[in-house]
Amino acid sequence: MSELMGKVAVITGASRGIGAAFSRAIAAKGAKVMLADILDSGSVVKEIEAAGGLAHEVICDVSSPDAVSKLEQETREAFGDVSILVNNAGLHPKPMPFEELDFHYWQHTMAVNLNAMFLTMQAFLPHLKRNGWGRIINVSSSSANTAPPNGMPYVTSKAGVVGLTRAAATEFGKYNITVNAIAPNPVRTPGADDILPEAMYQAIADTQPIARVMEPKDVVGTLLFLCSNGSEFMTGQNLHVDGGTVRAG
């Protein structure tokens, strides 16, 4: 029997791409999954249910305190206390030089990529504490280390995710809750496709020791490890799953 059998997981940004892959993988291990996204996740829920899993969706703007409070309530009513929180929702970067940035775009990026993680962690921490066991996995980005040009709001927000992850790990360890981050390179997803041309995907892949474009499946194994008992002595880490782009730090 899978060690995730019967546990409850919340996954944000779950309607497509990495979040959808995460949702399917965790459900396949026996967890009950709440999919949260500003977009409709119904098709992913149907896939999970067709495979014999349990899933539910909530339309949720995770940058809104009221929406996250509703997400917590609906999750508790549907499935009970949460043991696994996967903070995957995020805005894809819109390449733009610093001189052209406006403060609204900066604030919106921080709200979705960083503030939302604070809100979900604050909402679901009582669940994890009651369980006496918890896993929080935040999606950061290799860009926090590589700092590509024309991406200051995104890079800054993802560096903030790393800091949030480390600080939360320090505070939550006493509750038997681990907090880690996964830092991918650009992953071929519908959201990224709106921003990155194919030539850019290939150019990034060419810089990697594993020289192919990342797909959502490339991140799933790391997520499942971080949800497992095998990772119980690992916390506060930012794991680069990026084809070898970042090889130190």
# chains A, B, ... in the order shown; residues from 1 in each chain; ligands from 1
call {"tool": "select_by_dssp", "arguments": {"residues": "stretch 8-214 of chain A", "states": "helix (DSSP H, G or I)", "output": "number ranges by chain"}}
result
A: 17-28, 42-50, 65-79, 98-100, 103-131, 143-146, 152-175, 190-193, 198-206
call {"tool": "residues_around", "arguments": {"residues": "A:Ile136", "least_positions_apart": "3", "cutoff": "7 Å", "atoms": "only C-alpha atoms", "output": "JSON, numbers by chain"}}
result
{"A": [84, 85, 86, 178, 179, 180]}
call {"tool": "closest_residue", "arguments": {"among": "A:His127, A:Asn115, A:Pro95, A:Ala203", "to": "A:Val155", "atoms": "only C-alpha atoms"}}
result
A:Pro95
call {"tool": "closest_atom_pairs", "arguments": {"of": "stretch 97-187 of chain A", "to": "stretch 14-24 of chain A", "cutoff": "12 Å", "atoms": "only C-alpha atoms", "output": "CSV"}}
result
residue,atom,partner,partner_atom,distance
A:Ile137,CA,A:Phe22,CA,11.0
A:Asn138,CA,A:Gly19,CA,11.4
A:Val139,CA,A:Ile18,CA,9.7
A:Ile182,CA,A:Ile18,CA,11.5
A:Pro184,CA,A:Ile18,CA,10.3
A:Pro186,CA,A:Ile18,CA,10.8
A:Val187,CA,A:Ile18,CA,8.0
call {"tool": "write_last_selection", "arguments": {"atoms": "N, CA and C atoms", "output": "PDB file, in the first residue's frame"}}
result
ATOM      1  N   ILE A 137       5.594  21.615  -0.380  1.00  0.00           N
ATOM      2  CA  ILE A 137       6.519  21.695  -1.511  1.00  0.00           C
ATOM      3  C   ILE A 137       6.168  22.942  -2.311  1.00  0.00           C
ATOM      4  N   ASN A 138       7.118  23.835  -2.450  1.00  0.00           N
ATOM      5  CA  ASN A 138       6.939  25.080  -3.186  1.00  0.00           C
ATOM      6  C   ASN A 138       7.707  25.012  -4.506  1.00  0.00           C
ATOM      7  N   VAL A 139       7.112  25.484  -5.570  1.00  0.00           N
ATOM      8  CA  VAL A 139       7.814  25.505  -6.853  1.00  0.00           C
ATOM      9  C   VAL A 139       8.527  26.838  -6.993  1.00  0.00           C
ATOM     10  N   ILE A 182      11.176  22.998  -5.267  1.00  0.00           N
ATOM     11  CA  ILE A 182      11.677  22.411  -6.504  1.00  0.00           C
ATOM     12  C   ILE A 182      11.918  23.547  -7.479  1.00  0.00           C
ATOM     13  N   PRO A 184      12.734  24.159 -11.232  1.00  0.00           N
ATOM     14  CA  PRO A 184      12.933  23.685 -12.598  1.00  0.00           C
ATOM     15  C   PRO A 184      13.455  24.784 -13.517  1.00  0.00           C
ATOM     16  N   PRO A 186      12.750  26.286 -17.488  1.00  0.00           N
ATOM     17  CA  PRO A 186      11.469  26.400 -18.202  1.00  0.00           C
ATOM     18  C   PRO A 186      10.957  25.038 -18.663  1.00  0.00           C
ATOM     19  N   VAL A 187       9.708  24.773 -18.350  1.00  0.00           N
ATOM     20  CA  VAL A 187       9.066  23.502 -18.669  1.00  0.00           C
ATOM     21  C   VAL A 187       8.046  23.748 -19.772  1.00  0.00           C
TER      22      VAL A 187
END
call {"tool": "atom_distance", "arguments": {"atom1": "atom CA of A:Ile177", "atom2": "atom CA of A:Arg135"}}
result
5.7 Å
call {"tool": "atom_distance", "arguments": {"atom1": "atom CA of A:Ala25", "atom2": "atom CA of A:Leu224"}}
result
7.7 Å
call {"tool": "closest_residue", "arguments": {"among": "A:Val45, A:Cys227, A:Leu196, A:Met34", "to": "A:Trp133", "atoms": "only C-alpha atoms"}}
result
A:Cys227
call {"tool": "residues_around", "arguments": {"residues": "stretch 160-176 of chain A", "least_positions_apart": "4", "cutoff": "10 Å", "atoms": "only C-alpha atoms", "output": "ChimeraX atom specification"}}
result
/A:87,110,113-115,117-118,121,125,128-141,144,154-156,180-183,232-238
call {"tool": "closest_residue", "arguments": {"among": "A:Trp106, A:Tyr201, A:Phe98, A:Phe79", "to": "A:Lys7", "atoms": "only C-alpha atoms"}}
result
A:Phe79
call {"tool": "residues_around", "arguments": {"residues": "A:Glu77", "least_positions_apart": "6", "cutoff": "12 Å", "atoms": "only C-alpha atoms", "output": "ChimeraX atom specification"}}
result
/A:8,34,56,70-71
call {"tool": "residues_around", "arguments": {"residues": "A:Asp242", "least_positions_apart": "6", "cutoff": "12 Å", "atoms": "only C-alpha atoms", "output": "PDB file with C-alpha atoms, in the first residue's frame"}}
result
ATOM      1  CA  SER A 140      10.653  27.975  -7.244  1.00  0.00           C
ATOM      2  CA  SER A 141      12.812  28.320 -10.377  1.00  0.00           C
ATOM      3  CA  SER A 142      16.394  27.898 -11.512  1.00  0.00           C
ATOM      4  CA  SER A 143      16.155  31.549 -12.564  1.00  0.00           C
ATOM      5  CA  ASN A 145      20.226  31.367  -9.424  1.00  0.00           C
ATOM      6  CA  THR A 146      20.799  32.117 -13.092  1.00  0.00           C
ATOM      7  CA  ILE A 182      11.677  22.411  -6.504  1.00  0.00           C
ATOM      8  CA  ALA A 183      13.509  24.651  -8.963  1.00  0.00           C
ATOM      9  CA  PRO A 184      12.933  23.685 -12.598  1.00  0.00           C
ATOM     10  CA  ASN A 185      14.200  25.242 -15.792  1.00  0.00           C
ATOM     11  CA  PRO A 186      11.469  26.400 -18.202  1.00  0.00           C
ATOM     12  CA  VAL A 187       9.066  23.502 -18.669  1.00  0.00           C
ATOM     13  CA  ILE A 204      17.868  26.841 -23.022  1.00  0.00           C
ATOM     14  CA  ALA A 205      18.000  23.081 -23.514  1.00  0.00           C
ATOM     15  CA  ASP A 206      21.292  23.421 -25.385  1.00  0.00           C
ATOM     16  CA  THR A 207      22.903  24.923 -22.267  1.00  0.00           C
ATOM     17  CA  GLN A 208      21.913  21.912 -20.123  1.00  0.00           C
ATOM     18  CA  PRO A 209      24.088  18.821 -19.634  1.00  0.00           C
ATOM     19  CA  ILE A 210      20.846  16.897 -20.232  1.00  0.00           C
ATOM     20  CA  ALA A 211      20.149  18.731 -23.462  1.00  0.00           C
ATOM     21  CA  ARG A 212      16.423  18.409 -24.033  1.00  0.00           C
ATOM     22  CA  VAL A 213      13.427  20.590 -23.279  1.00  0.00           C
ATOM     23  CA  MET A 214      11.878  19.882 -19.884  1.00  0.00           C
ATOM     24  CA  GLU A 215       8.388  18.360 -19.711  1.00  0.00           C
ATOM     25  CA  PRO A 216       6.070  18.215 -16.663  1.00  0.00           C
ATOM     26  CA  ASP A 218      10.529  15.496 -15.422  1.00  0.00           C
ATOM     27  CA  VAL A 219       9.500  17.156 -12.151  1.00  0.00           C
ATOM     28  CA  THR A 222      11.125  14.777  -7.241  1.00  0.00           C
TER      29      THR A 222
END
call {"tool": "atom_distance", "arguments": {"atom1": "atom CA of A:Gln107", "atom2": "atom CA of A:Pro149"}}
result
19.0 Å
call {"tool": "select_by_dssp", "arguments": {"residues": "stretch 37-99 of chain A", "states": "strand (DSSP E)", "output": "number ranges by chain"}}
result
A: 37, 54-59, 84-87
call {"tool": "write_last_selection", "arguments": {"atoms": "C-alpha atoms", "output": "compact mmCIF listing (two decimals), in the first residue's frame"}}
result
# COMPACT_ATOMS: atom_id res chain seq x y z
CA ASP A 37 -6.64 27.11 -9.89
CA LEU A 54 -10.45 10.88 -5.60
CA ALA A 55 -10.28 14.54 -6.57
CA HIS A 56 -12.20 17.78 -6.28
CA GLU A 57 -11.63 21.23 -7.72
CA VAL A 58 -12.02 24.79 -6.47
CA ILE A 59 -11.78 27.84 -8.69
CA ILE A 84 0.43 17.74 1.70
CA LEU A 85 0.47 21.28 0.30
CA VAL A 86 1.98 21.85 -3.14
CA ASN A 87 2.35 25.52 -4.02
call {"tool": "closest_residue", "arguments": {"among": "A:Lys32, A:Ala159, A:Gly13, A:Glu3", "to": "A:Thr189", "atoms": "only C-alpha atoms"}}
result
A:Gly13
call {"tool": "closest_residue", "arguments": {"among": "A:Ala116, A:Val44, A:Ile195, A:Ala147", "to": "A:Pro93", "atoms": "only C-alpha atoms"}}
result
A:Ile195
